[in-house]
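Novice: Got a structure for you, questions after.
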2 protein chains.
Amino acid sequence: MSHISHLTSHISEKNEVTVHPPATVANVVCGFDILGFALESPSDKMLLRKAKGKGVKIINKDNYNLPADPEKNVIGKALLALLDAVDENIGFEVESTKLIKPGSGIGSSAASASGAVVGANYLLDNRFTNEQLVEFAMCGEEVASGSKHADNIAPCIYGGFTLIRSLHPLDIVTIPSPELYATVLHPQIEVKTSDSRSILKQQVRLKDAITQWGNVAGLVAGFMKSDYNLISRSLVDVIVEPVRSILIPGFDEIKKKSMDAGALGGGISGAGPSMFMLSKDEATAKAVEQAMKEVYKKTGIDFHTHVSPISSKGVKIAT
Amino acid sequence: MSHISHLTSHISEKNEVTVHPPATVANVVCGFDILGFALESPSDKMLLRKAKGKGVKIINKDNYNLPADPEKNVIGKALLALLDAVDENIGFEVESTKLIKPGSGIGSSAASASGAVVGANYLLDNRFTNEQLVEFAMCGEEVASGSKHADNIAPCIYGGFTLIRSLHPLDIVTIPSPELYATVLHPQIEVKTSDSRSILKQQVRLKDAITQWGNVAGLVAGFMKSDYNLISRSLVDVIVEPVRSILIPGFDEIKKKSMDAGALGGGISGAGPSMFMLSKDEATAKAVEQAMKEVYKKTGIDFHTHVSPISSKGVKIAT
């Protein structure tokens with residue numbers, strides 16, 4: 001038996017896998033609609049099993065009352081899209097335990113979609129590219145948000161910071177970065193993505209757009225040069241944040257106190273309501289968390305916080 | 001005599017220097033108003049001599065009829081700004097030979113201003129930082145263009161690709177890049193910067209702005225990853241070029257034929273009328289030049305072309 005055929009027969013025996021798709025932050029300050037990153041935690045837990053016959057069975061093992069019908073479920077739709085590209089007569093059974101709260105603005109649905117396709121791909125001997133997986137996962141994301149977007153899926157699958165240079169055609173670019181920690185504040189309020197969208201002005205001043213793309217260029221250069229000061233100076237959004245931040249109670253004070261505590265910068269995560277701040281080490285990220293808690297305790301609004309390194313890996317496969 | 005005092009006494013003997021400030025390209029496609037680069041050639045030639053007593057004397061050694069009055073001359077104003085920051089009672093005499101044609105859109109005035117301050121700084125034992133030199137040179141640029149801008153001065157002084165992340169406060173970031181060659185076409189027509197400015201729309205669609213900053217991010221990442229394909233995909237301007245290119249006869253055909261000849265991409269240099277295309281090697285850059293010539297010969301408009309590597313150095317000091 002050759003080494004290769006031995007490997008093949010070994011791989012084909014994979015019938016079950018557990019994956020941990022992480023939370024992600026999209027719309028990274030000046031990088032609105034193009035830049036996202038993956039956290040290490042929180043992450044969902046998902047067990048996938050190969051099943052006979054095309055189709056997907058979803059078993060929700062949490063209390064979020066997500067639909068079990070695969071056509072109405074993020075995981076289901078993503079896997080059905082993937083199965084469309086598979087010749088064999090196989091399907092998947094999925095036990096999903098969501099730990100990333102839906103509607104939090106840190107990519108809960110993207111985690112479901114991404115974890116599903118990465119897990120399935122593992123069971124199919126990794127026959128699909130990351131780019132193909134993003135396309136499949138976007139079909140799942142569509143169920144949750146009404147549109148196919150890759151803002152959270154790209155970092156969830158690729159890990160680290162990802163640039164979506166173009167959605168049609170899909171062009172995802174990974175952006176190397178130095179060690180960074182994120183502090184996330186999740187106020188327990190609902191901000192509808194549709195409201196977040198409709199509040200945006202469809203026209204912006206050229207002057208502001210130039211400021212924004214100068215900051216985007218500075219941010220990418222800052223990441224790739226590991227220049228924390230440049231990252232900090234570039235984490236400025238003159239277009240979306242001034243409009244959207246009014247939807248998030250205490251935004252300005254959270255930001256100010258976080259910067260005072262040493263954060264490099266930050267803003268709204270995705271379409272909100274979560275906020276995030278980046279710091280260069282864990283101690284600072286925890287000091288930022290403390291500052292956020294102090295501000296938010298005064299508001300009377302329930303909230304969660306998370307502190308996590310930016311993860312250079314996306315979906316983790318438990319082996 | 002210590003080593004240091006020996007060095008000092010040696011340096012203080014520098015009374016004369018010849019500098020070669022290169023042509024530069026500003027408004028690099030999607031990087032409108034923020035991104036520029038330095039060519040290796042053409043470059044001006046400028047001889048600076050220390051003189052007694054504050055003040056600047058300009059001797060123009062070319063036929064461009066530039067004013068000799070330092071208050072009305074780019075070199076003069078830049079040096080007067082620099083001398084304002086010098087305690088000693090000294091001045092400069094400058095012999096300027098311009099080889100970069102004024103009004104060409106490849107940073108002729110910036111070369112004069114940058115060469116002057118870099119040369120003067122050399123004669124003053126390099127006491128000023130590059131950032132300070134940019135500030136002085138901007139006072140010279142103001143004479144030529146009516147506004148203090150650093151679009152061409154930054155690459156002329158720093159070399160390579162430069163990002164002006166912010167003008168107030170000044171924040172210049174050098175962007176490493178792989179080997180690249182530029183082909184420049186200079187049609188002998190006048191495009192007034194004021195016309196180029198006034199034709200721009202002051203409001204742009206958010207959608208287009210997002211496309212633009214995705215391309216800017218891709219371009220910076222492409223340079224820093226030495227990824228020629230990514231550079232090429234990112235060299236797209238959806239905001240300024242569609243409006244301004246109508247001022248440049250044959251723009252679309254030049255661009256198409258240049259791409260057919262293997263160029264990575266390109267666009268309008270500065271506010272025009274020059275166009276530039278980037279290529280990954282000299283042979284391609286020369287093929288692009290040939291394609292440009294074939295298109296322009298048909299127009300009946302006189303033109304010059306230049307092929308040059310992107311220079312990682314800015315102003316060169318002849319020693």
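Identifiers for the structure tokens are assigned positionally: chains receive A, B, ... in sequence, residues are indexed from 1 per chain, and ligands are indexed from 1 in the order shown.
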Using DSSP secondary structure from the backbone, list all strand (DSSP E) positions within segment 68-122 of chain B, as a VMD selection string.
Specialist: chain B and resid 90 to 97
Novice: For the residues in the current selection, export C-alpha atoms as a PDB file, in the first residue's frame.
Specialist:
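The result, written out as result_27.pdb:
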```pdb
ATOM      1  CA  ILE B  90      23.119  82.399   6.009  1.00  0.00           C
ATOM      2  CA  GLY B  91      21.343  82.117   2.689  1.00  0.00           C
ATOM      3  CA  PHE B  92      21.540  80.203  -0.561  1.00  0.00           C
ATOM      4  CA  GLU B  93      22.378  80.771  -4.173  1.00  0.00           C
ATOM      5  CA  VAL B  94      20.691  78.284  -6.494  1.00  0.00           C
ATOM      6  CA  GLU B  95      21.370  77.430 -10.115  1.00  0.00           C
ATOM      7  CA  SER B  96      18.296  75.597 -11.385  1.00  0.00           C
ATOM      8  CA  THR B  97      18.168  73.574 -14.567  1.00  0.00           C
TER       9      THR B  97
END
```
Novice: Would you kindly return, as a PyMOL selection string, each protein, DNA or RNA residue with an atom no farther than 8 Å from any atom of segment 207-223 of chain B, considering only C-alpha atoms and excluding same-chain residues fewer than 2 positions away?
Specialist: (chain A and resi 31-34+163-166+173+175+202+209+212-213+216-217+220-221+224) or (chain B and resi 30-31+175-178+204-205+225-231+233-239)
Novice: For the residues selected in the previous step, produce a file with C-alpha atoms as a PDB file, in the first residue's frame.
Specialist:
```
ATOM      1  CA  GLY A  31     -12.989  49.860   6.540  1.00  0.00           C
ATOM      2  CA  PHE A  32     -16.772  49.949   6.285  1.00  0.00           C
ATOM      3  CA  ASP A  33     -18.082  47.110   4.088  1.00  0.00           C
ATOM      4  CA  ILE A  34     -14.592  45.843   3.259  1.00  0.00           C
ATOM      5  CA  LEU A 163     -10.237  42.592   3.071  1.00  0.00           C
ATOM      6  CA  ILE A 164     -13.119  42.055   0.687  1.00  0.00           C
ATOM      7  CA  ARG A 165     -11.714  44.099  -2.175  1.00  0.00           C
ATOM      8  CA  SER A 166     -14.636  43.129  -4.364  1.00  0.00           C
ATOM      9  CA  VAL A 173      -7.294  39.387   0.610  1.00  0.00           C
ATOM     10  CA  ILE A 175      -4.054  41.255   5.758  1.00  0.00           C
ATOM     11  CA  GLN A 202     -26.352  57.426   0.042  1.00  0.00           C
ATOM     12  CA  ALA A 209     -14.371  59.928   1.184  1.00  0.00           C
ATOM     13  CA  GLN A 212     -11.659  57.746   4.714  1.00  0.00           C
ATOM     14  CA  TRP A 213      -9.569  56.052   2.027  1.00  0.00           C
ATOM     15  CA  VAL A 216      -8.028  52.740   5.132  1.00  0.00           C
ATOM     16  CA  ALA A 217      -4.646  52.849   3.376  1.00  0.00           C
ATOM     17  CA  VAL A 220      -3.619  48.351   6.039  1.00  0.00           C
ATOM     18  CA  ALA A 221      -0.066  49.735   6.045  1.00  0.00           C
ATOM     19  CA  MET A 224       1.434  45.085   7.607  1.00  0.00           C
TER      20      MET A 224
ATOM     21  CA  CYS B  30      -7.811  54.822  -6.640  1.00  0.00           C
ATOM     22  CA  GLY B  31      -5.419  56.699  -4.326  1.00  0.00           C
ATOM     23  CA  ILE B 175       4.613  52.045   1.336  1.00  0.00           C
ATOM     24  CA  PRO B 176       7.131  49.352   0.365  1.00  0.00           C
ATOM     25  CA  SER B 177       6.607  47.970  -3.129  1.00  0.00           C
ATOM     26  CA  PRO B 178       8.127  45.386  -5.443  1.00  0.00           C
ATOM     27  CA  VAL B 204     -20.046  60.938  -4.481  1.00  0.00           C
ATOM     28  CA  ARG B 205     -22.177  57.843  -4.020  1.00  0.00           C
ATOM     29  CA  LYS B 225       2.747  41.615  -0.433  1.00  0.00           C
ATOM     30  CA  SER B 226       4.554  42.107  -3.774  1.00  0.00           C
ATOM     31  CA  ASP B 227       1.429  40.666  -5.368  1.00  0.00           C
ATOM     32  CA  TYR B 228       1.355  42.008  -8.934  1.00  0.00           C
ATOM     33  CA  ASN B 229      -2.047  40.491  -9.698  1.00  0.00           C
ATOM     34  CA  LEU B 230      -3.584  42.153  -6.666  1.00  0.00           C
ATOM     35  CA  ILE B 231      -1.931  45.457  -7.607  1.00  0.00           C
ATOM     36  CA  ARG B 233      -6.920  44.240  -9.834  1.00  0.00           C
ATOM     37  CA  SER B 234      -6.820  47.172  -7.404  1.00  0.00           C
ATOM     38  CA  LEU B 235      -5.706  49.815  -9.914  1.00  0.00           C
ATOM     39  CA  VAL B 236      -9.278  50.916 -10.566  1.00  0.00           C
ATOM     40  CA  ASP B 237     -10.664  54.390  -9.949  1.00  0.00           C
ATOM     41  CA  VAL B 238     -14.461  54.637 -10.040  1.00  0.00           C
ATOM     42  CA  ILE B 239     -14.665  58.228  -8.816  1.00  0.00           C
TER      43      ILE B 239
END
```
Novice: Provide the atom CA of Phe128 of chain A to atom CA of Gly314 of chain A distance in Å, to one decimal place.
Specialist: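 It comes out at 15.8 Å.
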Novice: Write out as a list in words each polymer residue whose atoms come within 12 Å of Lys297 of chain B, counting only C-alpha atoms; drop sequence neighbours fewer than 4 positions from it.
Specialist: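 Surrounding residues, per the criterion: Leu185, Pro187, Pro249, Gly250, Ile254, Gln290, Ala291, Met292, Lys293, Ile301, Asp302, Phe303, His304 and Thr305 of chain B.
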Novice: Could the residues in this selection be saved with N, CA and C atoms as a compact mmCIF listing (two decimals), in the first residue's frame?
Specialist:
```txt
# COMPACT_ATOMS: atom_id res chain seq x y z
N LEU B 185 3.05 59.17 -20.46
CA LEU B 185 2.75 59.86 -21.72
C LEU B 185 2.40 61.30 -21.38
N PRO B 187 1.08 64.46 -23.15
CA PRO B 187 0.58 65.17 -24.32
C PRO B 187 0.88 66.66 -24.14
N PRO B 249 -7.22 63.80 -24.34
CA PRO B 249 -7.55 63.17 -25.62
C PRO B 249 -6.99 61.74 -25.69
N GLY B 250 -7.84 60.81 -26.10
CA GLY B 250 -7.38 59.44 -26.32
C GLY B 250 -7.21 58.61 -25.06
N ILE B 254 -5.63 54.81 -25.01
CA ILE B 254 -4.28 54.67 -24.43
C ILE B 254 -4.32 53.60 -23.34
N GLN B 290 5.50 51.92 -26.55
CA GLN B 290 5.28 51.77 -27.98
C GLN B 290 3.79 51.85 -28.31
N ALA B 291 2.99 51.18 -27.49
CA ALA B 291 1.53 51.20 -27.71
C ALA B 291 0.99 52.62 -27.57
N MET B 292 1.49 53.34 -26.57
CA MET B 292 1.05 54.73 -26.37
C MET B 292 1.42 55.59 -27.58
N LYS B 293 2.64 55.40 -28.06
CA LYS B 293 3.09 56.20 -29.21
C LYS B 293 2.22 55.96 -30.43
N ILE B 301 -1.39 65.40 -31.87
CA ILE B 301 -0.94 66.19 -30.72
C ILE B 301 0.51 65.81 -30.40
N ASP B 302 1.36 66.82 -30.22
CA ASP B 302 2.74 66.53 -29.81
C ASP B 302 2.74 65.86 -28.44
N PHE B 303 3.73 65.03 -28.24
CA PHE B 303 3.78 64.35 -26.93
C PHE B 303 5.20 63.89 -26.62
N HIS B 304 5.46 63.67 -25.35
CA HIS B 304 6.69 63.02 -24.89
C HIS B 304 6.31 61.76 -24.15
N THR B 305 7.23 60.81 -24.13
CA THR B 305 7.04 59.65 -23.26
C THR B 305 8.29 59.46 -22.40
```
Novice: Using only C-alpha atoms, find the one residue out of B:Ser308, B:Gln203, B:Thr24, B:Asn130 that sits nearest to chain A.
Specialist: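 Between B:Ser308, B:Gln203, B:Thr24, B:Asn130, the residue approaching chain A most closely is B:Gln203.
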Novice: Provide the atom CA of Ser109 of chain B to atom CA of Ala144 of chain B distance in Å, to one decimal place.
Specialist: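 Answer for the atom CA of Ser109 of chain B to atom CA of Ala144 of chain B separation: 6.4 Å.
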Novice: Env of Ala287 of chain A: 10 Å cut, atoms = only C-alpha atoms, seq-sep filter 6 positions within chain, self excluded. Answer as a PyMOL selection string.
Specialist: chain A and resi 183+258+260-263+279+293
